[in-house]
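Pasted below: target_21.txt, compact mmCIF, C-alpha atoms and all ligand atoms.
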# COMPACT_ATOMS: atom_id res chain seq x y z
CA MET A 1 46.75 55.54 22.70
CA LEU A 2 48.33 52.17 22.03
CA LYS A 3 45.39 49.86 21.36
CA THR A 4 46.32 46.24 20.71
CA ARG A 5 44.68 42.82 20.74
CA PHE A 6 45.91 42.51 24.33
CA THR A 7 44.17 45.69 25.48
CA GLU A 8 40.99 44.66 23.65
CA LEU A 9 41.00 41.18 25.16
CA THR A 10 41.76 42.19 28.74
CA GLY A 11 40.23 45.65 28.97
CA CYS A 12 43.58 47.14 30.04
CA LYS A 13 44.19 50.73 28.93
CA VAL A 14 47.85 50.21 28.04
CA PRO A 15 49.64 47.16 26.61
CA ILE A 16 51.84 46.60 29.66
CA GLN A 17 51.72 43.62 31.99
CA MET A 18 53.58 43.76 35.27
CA ALA A 19 55.56 40.52 35.61
CA ALA A 20 54.74 38.54 38.72
CA ILE A 21 57.99 39.49 40.43
CA GLY A 22 57.99 36.87 43.19
CA SER A 23 57.20 38.16 46.69
CA LEU A 24 57.14 41.71 45.34
CA ALA A 25 54.00 40.98 43.32
CA ARG A 26 51.75 41.92 46.24
CA PRO A 27 48.47 43.89 46.32
CA PRO A 28 49.90 47.45 46.61
CA LEU A 29 52.06 47.10 43.48
CA ALA A 30 49.53 45.04 41.51
CA ALA A 31 46.82 47.61 42.26
CA ALA A 32 49.09 50.56 41.39
CA VAL A 33 49.82 49.01 37.97
CA SER A 34 46.12 48.29 37.41
CA ASN A 35 45.18 51.83 38.42
CA ALA A 36 47.64 53.10 35.80
CA GLY A 37 45.88 51.04 33.12
CA GLY A 38 48.27 48.07 32.98
CA LEU A 39 47.75 44.47 34.01
CA GLY A 40 48.81 44.22 37.66
CA MET A 41 49.82 40.76 38.83
CA LEU A 42 49.88 38.81 42.08
CA GLN A 43 52.19 35.86 42.63
CA LEU A 44 50.17 33.11 44.33
CA SER A 45 52.37 29.99 44.22
CA GLY A 46 52.23 28.23 47.59
CA PHE A 47 49.08 30.09 48.67
CA THR A 48 46.05 28.28 50.06
CA PRO A 49 42.66 29.22 48.55
CA ALA A 50 41.88 31.31 51.66
CA GLN A 51 45.21 33.15 51.49
CA ALA A 52 44.78 33.74 47.76
CA THR A 53 41.25 35.09 48.28
CA ARG A 54 42.50 37.56 50.90
CA SER A 55 45.17 38.89 48.54
CA LEU A 56 42.81 39.07 45.56
CA GLU A 57 40.20 40.92 47.61
CA GLU A 58 42.84 43.34 48.81
CA VAL A 59 43.75 44.20 45.22
CA ARG A 60 40.08 44.67 44.34
CA LYS A 61 39.65 47.07 47.27
CA ARG A 62 42.49 49.20 45.90
CA THR A 63 41.58 49.27 42.22
CA ARG A 64 38.76 49.10 39.70
CA GLY A 65 41.33 48.17 37.06
CA VAL A 66 42.29 44.85 35.53
CA PHE A 67 44.53 42.39 37.37
CA GLY A 68 45.75 38.82 37.16
CA ALA A 69 47.58 36.17 39.14
CA ASN A 70 50.54 33.96 38.40
CA PHE A 71 51.48 30.44 39.46
CA ILE A 72 54.92 28.93 39.07
CA VAL A 73 53.98 25.35 38.32
CA THR A 74 57.39 23.70 38.29
CA GLU A 75 57.28 19.98 39.03
CA ALA A 76 59.77 20.68 41.84
CA TRP A 77 56.93 22.41 43.75
CA TYR A 78 53.86 20.74 42.25
CA PRO A 79 54.60 17.13 41.22
CA ASP A 80 50.85 16.77 40.68
CA LEU A 81 48.95 19.70 39.10
CA GLU A 82 45.81 18.48 40.91
CA ASP A 83 47.31 20.01 44.08
CA LEU A 84 46.73 23.44 42.52
CA ARG A 85 43.13 22.85 41.52
CA ASP A 86 41.40 24.53 44.44
CA VAL A 87 43.55 27.64 44.51
CA VAL A 88 43.37 28.06 40.72
CA GLU A 89 39.59 27.66 40.83
CA THR A 90 39.27 30.34 43.54
CA THR A 91 41.70 32.66 41.77
CA SER A 92 39.90 32.36 38.45
CA LYS A 93 36.74 33.70 40.08
CA HIS A 94 38.51 36.93 41.14
CA ALA A 95 41.21 37.64 38.56
CA LYS A 96 40.83 38.54 34.89
CA VAL A 97 43.94 36.61 33.85
CA VAL A 98 45.37 33.47 35.45
CA GLU A 99 48.84 32.64 34.30
CA PHE A 100 51.30 29.77 34.57
CA PHE A 101 55.05 29.43 34.19
CA TYR A 102 57.63 26.68 34.17
CA ARG A 103 55.88 23.53 33.04
CA GLN A 104 54.66 22.06 29.78
CA PRO A 105 51.27 23.76 29.02
CA ASP A 106 48.34 21.71 30.25
CA SER A 107 44.81 21.87 28.83
CA SER A 108 43.04 20.67 31.99
CA ILE A 109 44.24 23.61 34.07
CA VAL A 110 43.45 26.00 31.21
CA GLU A 111 39.89 24.59 31.10
CA LEU A 112 39.58 25.06 34.86
CA VAL A 113 40.51 28.74 34.47
CA HIS A 114 38.00 29.19 31.64
CA SER A 115 35.19 27.41 33.44
CA ASN A 116 35.57 29.86 36.32
CA GLY A 117 35.44 32.91 34.08
CA ALA A 118 39.07 34.03 33.64
CA LEU A 119 41.48 34.21 30.71
CA ALA A 120 44.38 31.76 30.73
CA SER A 121 47.97 32.72 29.97
CA TRP A 122 51.26 30.80 29.84
CA GLN A 123 54.76 32.27 29.89
CA VAL A 124 56.92 30.23 27.50
CA GLY A 125 60.57 30.08 26.51
CA SER A 126 60.44 28.33 23.13
CA ASN A 127 58.39 28.15 19.98
CA ASP A 128 57.39 24.54 20.76
CA GLU A 129 56.16 25.59 24.17
CA ALA A 130 54.21 28.48 22.61
CA LYS A 131 52.51 26.09 20.19
CA ALA A 132 51.69 23.77 23.09
CA ALA A 133 50.20 26.71 25.04
CA ALA A 134 48.00 27.65 22.07
CA LYS A 135 46.94 24.01 21.67
CA ALA A 136 46.12 23.82 25.37
CA GLY A 137 43.64 26.66 24.79
CA CYS A 138 45.51 29.65 26.28
CA ASP A 139 44.06 33.07 25.45
CA LEU A 140 47.41 34.81 25.81
CA ILE A 141 51.03 33.75 25.51
CA VAL A 142 54.03 35.48 27.03
CA ALA A 143 57.25 34.87 25.06
CA GLN A 144 60.19 35.19 27.42
CA GLY A 145 63.65 35.85 26.03
CA ILE A 146 66.89 35.00 27.76
CA GLU A 147 67.39 38.71 28.59
CA ALA A 148 64.77 38.32 31.34
CA GLY A 149 65.38 38.74 35.05
CA GLY A 150 64.50 35.93 37.44
CA HIS A 151 63.93 32.39 36.24
CA ILE A 152 64.32 31.84 32.53
CA ARG A 153 62.48 29.16 30.64
CA GLY A 154 64.18 29.34 27.26
CA LYS A 155 67.59 29.62 25.72
CA ILE A 156 67.30 32.31 23.04
CA GLY A 157 66.95 36.08 22.73
CA LEU A 158 63.56 37.78 22.73
CA LEU A 159 63.54 38.96 19.10
CA SER A 160 64.49 35.52 17.74
CA LEU A 161 61.81 33.95 19.90
CA LEU A 162 59.15 36.51 18.89
CA ASP A 163 60.07 35.97 15.27
CA GLN A 164 59.08 32.31 15.56
CA VAL A 165 56.20 32.54 18.02
CA LEU A 166 54.36 35.35 16.21
CA ASP A 167 54.27 33.17 13.09
CA SER A 168 53.15 30.07 15.00
CA VAL A 169 50.22 31.13 17.15
CA ASP A 170 47.09 33.20 16.59
CA VAL A 171 46.49 34.43 20.14
CA PRO A 172 47.93 37.75 21.37
CA VAL A 173 51.59 37.45 22.39
CA LEU A 174 53.30 39.55 25.04
CA ALA A 175 57.06 40.10 24.88
CA ALA A 176 59.12 39.58 28.06
CA GLY A 177 62.79 39.96 28.82
CA GLY A 178 64.97 43.03 28.83
CA ILE A 179 62.14 45.52 28.32
CA GLY A 180 62.56 48.50 30.62
CA SER A 181 62.34 51.44 28.24
CA GLY A 182 59.86 52.89 25.77
CA ARG A 183 62.39 52.14 23.04
CA ALA A 184 62.42 48.41 23.86
CA MET A 185 58.63 48.47 24.19
CA ALA A 186 58.27 50.13 20.78
CA ALA A 187 60.58 47.49 19.24
CA ALA A 188 58.49 44.63 20.61
CA LEU A 189 55.22 46.22 19.44
CA ALA A 190 56.69 47.01 16.02
CA ALA A 191 57.71 43.36 15.73
CA GLY A 192 54.09 42.36 16.26
CA ALA A 193 53.80 41.71 19.99
CA SER A 194 50.45 42.76 21.48
CA GLY A 195 52.08 44.10 24.59
CA VAL A 196 55.08 43.88 26.89
CA ARG A 197 55.70 42.25 30.22
CA VAL A 198 57.95 44.24 32.50
CA GLY A 199 59.62 42.81 35.60
CA THR A 200 62.92 44.32 36.73
CA ARG A 201 61.83 47.92 36.24
CA PHE A 202 58.94 47.45 38.69
CA ILE A 203 61.29 46.23 41.45
CA VAL A 204 62.12 49.88 42.00
CA ALA A 205 58.50 51.02 41.92
CA GLU A 206 57.61 52.88 45.13
CA GLU A 207 54.82 50.39 45.79
CA ALA A 208 57.04 47.31 45.35
CA GLU A 209 58.21 46.82 48.94
CA ALA A 210 61.57 45.59 47.67
CA HIS A 211 64.43 45.86 50.13
CA PRO A 212 66.16 49.27 49.66
CA GLN A 213 69.57 47.57 49.46
CA TYR A 214 68.31 45.44 46.55
CA GLN A 215 66.83 48.49 44.83
CA LYS A 216 70.09 50.41 45.28
CA ALA A 217 72.10 47.54 43.77
CA LEU A 218 69.83 47.53 40.70
CA ILE A 219 70.02 51.31 40.27
CA GLY A 220 73.82 51.07 40.11
CA ALA A 221 73.96 48.06 37.78
CA ALA A 222 74.48 47.61 34.03
CA PRO A 223 73.27 44.69 31.87
CA GLU A 224 76.84 43.34 31.89
CA ASP A 225 76.59 42.98 35.68
CA THR A 226 73.91 40.30 35.25
CA MET A 227 74.50 36.63 34.52
CA VAL A 228 72.53 33.46 33.91
CA THR A 229 73.30 30.82 36.50
CA GLU A 230 71.79 27.91 38.42
CA VAL A 231 73.42 28.88 41.71
CA PHE A 232 70.21 29.84 43.56
CA SER A 233 68.66 26.39 43.14
CA GLU A 234 68.35 25.15 46.73
CA ASN A 235 64.53 24.89 46.58
CA TRP A 236 64.11 24.85 42.79
CA PRO A 237 66.73 22.78 40.91
CA ASN A 238 67.45 22.78 37.17
CA ALA A 239 66.00 26.23 36.64
CA PRO A 240 68.40 28.81 35.16
CA HIS A 241 67.93 32.39 36.34
CA ARG A 242 69.38 35.84 35.69
CA VAL A 243 70.74 37.72 38.70
CA LEU A 244 73.41 40.27 39.50
CA ARG A 245 76.79 38.49 39.38
CA ALA A 246 77.85 40.10 42.67
CA SER A 247 75.10 38.22 44.53
CA VAL A 248 76.33 34.90 43.10
CA GLU A 249 79.86 35.67 44.26
CA ALA A 250 78.67 36.73 47.72
CA ALA A 251 76.55 33.59 48.12
CA GLN A 252 79.46 31.40 47.09
CA ALA A 253 81.76 33.18 49.57
CA PHE A 254 79.20 33.01 52.43
CA LYS A 255 80.05 30.51 55.16
CA GLY A 256 77.06 28.82 56.79
CA GLU A 257 73.66 27.44 55.86
CA ILE A 258 71.30 30.29 56.76
CA VAL A 259 71.87 33.71 55.18
CA GLY A 260 69.04 35.50 56.98
CA GLN A 261 65.32 35.71 57.61
CA ARG A 262 62.55 36.56 55.18
CA ARG A 263 58.78 36.96 55.31
CA LEU A 264 56.64 34.36 53.54
CA ALA A 265 54.21 36.12 51.20
CA SER A 266 51.51 33.48 51.73
CA SER A 267 51.26 33.36 55.55
CA GLY A 268 53.13 36.53 56.51
CA GLU A 269 55.38 34.55 58.86
CA MET A 270 59.14 35.01 59.06
CA ALA A 271 61.24 32.01 57.98
CA PRO A 272 64.95 31.26 57.58
CA ALA A 273 66.46 32.07 54.18
CA LYS A 274 68.88 29.31 53.24
CA ARG A 275 72.05 29.95 51.30
CA PHE A 276 71.34 29.48 47.56
CA GLU A 277 67.57 29.58 48.12
CA SER A 278 65.37 31.19 45.46
CA ILE A 279 63.77 34.05 47.44
CA THR A 280 62.92 37.66 46.66
CA MET A 281 64.08 40.28 49.17
CA THR A 282 61.33 42.42 50.63
CA ARG A 283 61.78 45.26 53.16
CA ASP A 284 61.38 42.73 55.98
CA THR A 285 64.29 40.54 54.87
CA THR A 286 67.25 40.56 57.26
CA GLY A 287 70.72 39.01 57.28
CA THR A 288 73.52 38.96 54.72
CA LEU A 289 71.44 40.49 51.98
CA GLU A 290 74.27 40.71 49.46
CA ALA A 291 74.41 36.89 49.43
CA MET A 292 70.71 36.54 48.51
CA PRO A 293 69.59 36.46 44.86
CA HIS A 294 69.45 39.87 43.23
CA TRP A 295 67.13 38.96 40.34
CA ALA A 296 67.71 41.35 37.44
CA GLY A 297 67.10 41.38 33.71
CA GLU A 298 69.21 43.11 31.08
CA SER A 299 66.53 45.79 31.41
CA VAL A 300 68.39 46.86 34.56
CA ALA A 301 69.96 49.45 32.26
CA SER A 302 66.68 51.39 32.50
CA VAL A 303 66.47 51.20 36.29
CA GLU A 304 67.59 54.65 37.37
CA LYS A 305 65.47 55.72 40.30
CA ILE A 306 62.61 54.81 42.58
CA GLN A 307 59.35 56.00 41.03
CA PRO A 308 55.63 55.37 41.40
CA ALA A 309 54.45 52.50 39.18
CA ALA A 310 52.21 54.95 37.31
CA THR A 311 55.21 57.09 36.35
CA ILE A 312 57.09 54.04 35.06
CA ILE A 313 54.09 53.13 32.90
CA ASP A 314 53.67 56.71 31.65
CA GLU A 315 57.34 56.89 30.67
CA LEU A 316 57.22 53.59 28.80
CA VAL A 317 53.99 54.39 26.97
CA SER A 318 54.82 57.96 26.01
CA GLU A 319 58.28 57.07 24.72
CA ALA A 320 56.96 54.03 22.82
CA GLU A 321 54.17 56.11 21.26
CA ARG A 322 56.59 58.84 20.23
CA LEU A 323 58.98 56.37 18.62
CA LEU A 324 56.27 54.39 16.87
CA HIS A 325 54.81 57.60 15.43
CA SER A 326 58.15 59.03 14.32
CA TRP A 327 58.97 55.74 12.65
CA LYS A 328 55.74 55.81 10.62
C1 LIG B 1 62.32 39.55 40.89
C2 LIG B 1 61.70 38.70 39.82
C3 LIG B 1 60.81 37.70 40.18
C4 LIG B 1 60.16 36.95 39.19
N1 LIG B 1 59.23 36.04 39.58
C5 LIG B 1 58.44 35.45 38.63
C6 LIG B 1 57.33 34.69 39.01
O1 LIG B 1 57.04 34.54 40.19
N2 LIG B 1 56.57 34.15 38.04
C7 LIG B 1 56.85 34.34 36.71
O2 LIG B 1 56.11 33.85 35.87
N3 LIG B 1 57.93 35.04 36.33
C8 LIG B 1 58.71 35.62 37.25
N4 LIG B 1 59.76 36.40 36.86
C9 LIG B 1 60.10 36.54 35.42
C10 LIG B 1 59.16 37.55 34.76
O3 LIG B 1 57.91 36.97 34.55
C11 LIG B 1 59.64 38.10 33.41
O4 LIG B 1 59.85 37.07 32.49
C12 LIG B 1 60.89 38.98 33.50
O5 LIG B 1 60.84 39.81 34.62
C13 LIG B 1 61.03 39.81 32.24
O6 LIG B 1 62.31 40.38 32.15
P1 LIG B 1 62.70 41.79 32.82
O7 LIG B 1 62.93 41.50 34.26
O8 LIG B 1 63.95 42.19 32.09
O9 LIG B 1 61.58 42.75 32.63
C14 LIG B 1 60.45 37.16 37.82
C15 LIG B 1 61.36 38.16 37.47
C16 LIG B 1 61.99 38.93 38.43
C17 LIG B 1 62.94 40.01 38.01

Would you kindly transcribe this structure into structure tokens?
Amino acid sequence: MLKTRFTELTGCKVPIQMAAIGSLARPPLAAAVSNAGGLGMLQLSGFTPAQATRSLEEVRKRTRGVFGANFIVTEAWYPDLEDLRDVVETTSKHAKVVEFFYRQPDSSIVELVHSNGALASWQVGSNDEAKAAAKAGCDLIVAQGIEAGGHIRGKIGLLSLLDQVLDSVDVPVLAAGGIGSGRAMAAALAAGASGVRVGTRFIVAEEAEAHPQYQKALIGAAPEDTMVTEVFSENWPNAPHRVLRASVEAAQAFKGEIVGQRRLASSGEMAPAKRFESITMTRDTTGTLEAMPHWAGESVASVEKIQPAATIIDELVSEAERLLHSWK
């Protein structure tokens, strides 16, 4: 078994964290990952404390494993971090790991997580940001390379980033961006990462509730079909993201303001999806789906079929173990 500082710290059985893949990071997928020994994640940005509690309790009902929750803390959504206080406090009482992304690391929110009994994590895109996360008291740091699907914090490739971050901080570091195979996982672990964070590959997990048209587009795509853009910035400006190029072209060609309807993860209500809005397509999404963001990392190369989350984890771990042993 692959035992690392990450598995020791969190109690996970395997060194794999599911990325909080937007509205797809819901209880069924988070619990399936946790049941398979990984760190399942919920995405709770925009949730009230009551809504967050409901989701966290739902995960707990489905698993005895380890899970966490993620907040996108961009200033575009939270000009004042104080607005997150209550929901972070509640979440820290239920989740093992509480994680933040897209803002300069902040020690007061890290202390809030700690004082309510959880571990604090920050996904970073640069060495300076990693050092700031360590200084802010984070227990874990996720180094995200530019290969990643979804919003990207940094500007450089994962290995170059790991090279710097692993020398700069003492806490366990997870590698994120472009990891969809056991080979990529083995490379990150061999480089010194304590685990990997996997996003795109879980979009096609059976439990993910991603729209089948989105899943099909990923299954047919190659890394070269992805691009980094700022096109889907309607509700989140100045935040580069990696998506399938075809969705950028379709959004640009779309005439009109509203591309369809989507379900809000927090309240469960349906709401209009604006053209160029940063949304994640679930099974309930309707409209001109091809013009909505098809978030995808370079790891899309490893997305071949719809599988249970546990099978994805088994494949990654067994291939990584085999490669790491043959290399020794
Ligand atoms: C559909 C999708 C949604 C994402 N949403 C979030 C999010 O809500 N919070 C976050 O911290 N990262 C988010 N990310 C980025 C991931 O945390 C992670 O860095 C990325 O998925 C790693 O690259 P990979 O997709 O190649 O595995 C998202 C990624 C994808 C693909």

- Query: So which residues are near ligand LIG 1 (chain B), meaning at most 7 Å away with all atoms listed in the file counted, given back as a PyMOL selection string?
  - Reply: chain A and resi 19-22+43+70-72+100-101+123+144+147-152+176-180+197-201+203+280+295-300

Please write the residues from the selection above to a file, keeping C-alpha atoms, as a CSV table (one decimal), in the coordinates of the input.
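Output file result.csv is given in full below:
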chain,number,residue,atom,x,y,z
A,19,ALA,CA,55.6,40.5,35.6
A,20,ALA,CA,54.7,38.5,38.7
A,21,ILE,CA,58.0,39.5,40.4
A,22,GLY,CA,58.0,36.9,43.2
A,43,GLN,CA,52.2,35.9,42.6
A,70,ASN,CA,50.5,34.0,38.4
A,71,PHE,CA,51.5,30.4,39.5
A,72,ILE,CA,54.9,28.9,39.1
A,100,PHE,CA,51.3,29.8,34.6
A,101,PHE,CA,55.0,29.4,34.2
A,123,GLN,CA,54.8,32.3,29.9
A,144,GLN,CA,60.2,35.2,27.4
A,147,GLU,CA,67.4,38.7,28.6
A,148,ALA,CA,64.8,38.3,31.3
A,149,GLY,CA,65.4,38.7,35.0
A,150,GLY,CA,64.5,35.9,37.4
A,151,HIS,CA,63.9,32.4,36.2
A,152,ILE,CA,64.3,31.8,32.5
A,176,ALA,CA,59.1,39.6,28.1
A,177,GLY,CA,62.8,40.0,28.8
A,178,GLY,CA,65.0,43.0,28.8
A,179,ILE,CA,62.1,45.5,28.3
A,180,GLY,CA,62.6,48.5,30.6
A,197,ARG,CA,55.7,42.2,30.2
A,198,VAL,CA,58.0,44.2,32.5
A,199,GLY,CA,59.6,42.8,35.6
A,200,THR,CA,62.9,44.3,36.7
A,201,ARG,CA,61.8,47.9,36.2
A,203,ILE,CA,61.3,46.2,41.4
A,280,THR,CA,62.9,37.7,46.7
A,295,TRP,CA,67.1,39.0,40.3
A,296,ALA,CA,67.7,41.4,37.4
A,297,GLY,CA,67.1,41.4,33.7
A,298,GLU,CA,69.2,43.1,31.1
A,299,SER,CA,66.5,45.8,31.4
A,300,VAL,CA,68.4,46.9,34.6

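Distances to Leu264 in chain A were evaluated for A:Thr7, A:Thr285, A:Ser107, A:Ser247 using only C-alpha atoms, and the minimum falls at A:Thr285.
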
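CA of Ile146 in chain A sits 22.5 Å away from CA of Ser45 in chain A.
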
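When all atoms listed in the file are used to compute distances to Pro237 in chain A, the closest of the residues A:Thr53, A:Ser302, A:Ser278, A:Gln215 turns out to be A:Ser278.
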
If we count only C-alpha atoms, what is near Arg283 in chain A at a cut-off of 7 Å, once residues fewer than 3 positions away on the same chain are taken out, given as a PDB file with C-alpha atoms, keeping the file's coordinate frame?
ATOM      1  CA  GLU A 209      58.210  46.820  48.940  1.00  0.00           C
ATOM      2  CA  ALA A 210      61.570  45.590  47.670  1.00  0.00           C
ATOM      3  CA  HIS A 211      64.430  45.860  50.130  1.00  0.00           C
ATOM      4  CA  PRO A 212      66.160  49.270  49.660  1.00  0.00           C
TER       5      PRO A 212
END

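Among A:Val243, A:Ile279, A:Leu39, A:Ala136, the residue with the shortest atom-to-atom distance to Ala310 in chain A, counting only C-alpha atoms, is A:Leu39.
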
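Between Val14 in chain A and the candidates A:Val196, A:Val248, A:Ala239, A:Ile141, the tightest atom-to-atom separation, counting only C-alpha atoms, involves A:Val196.
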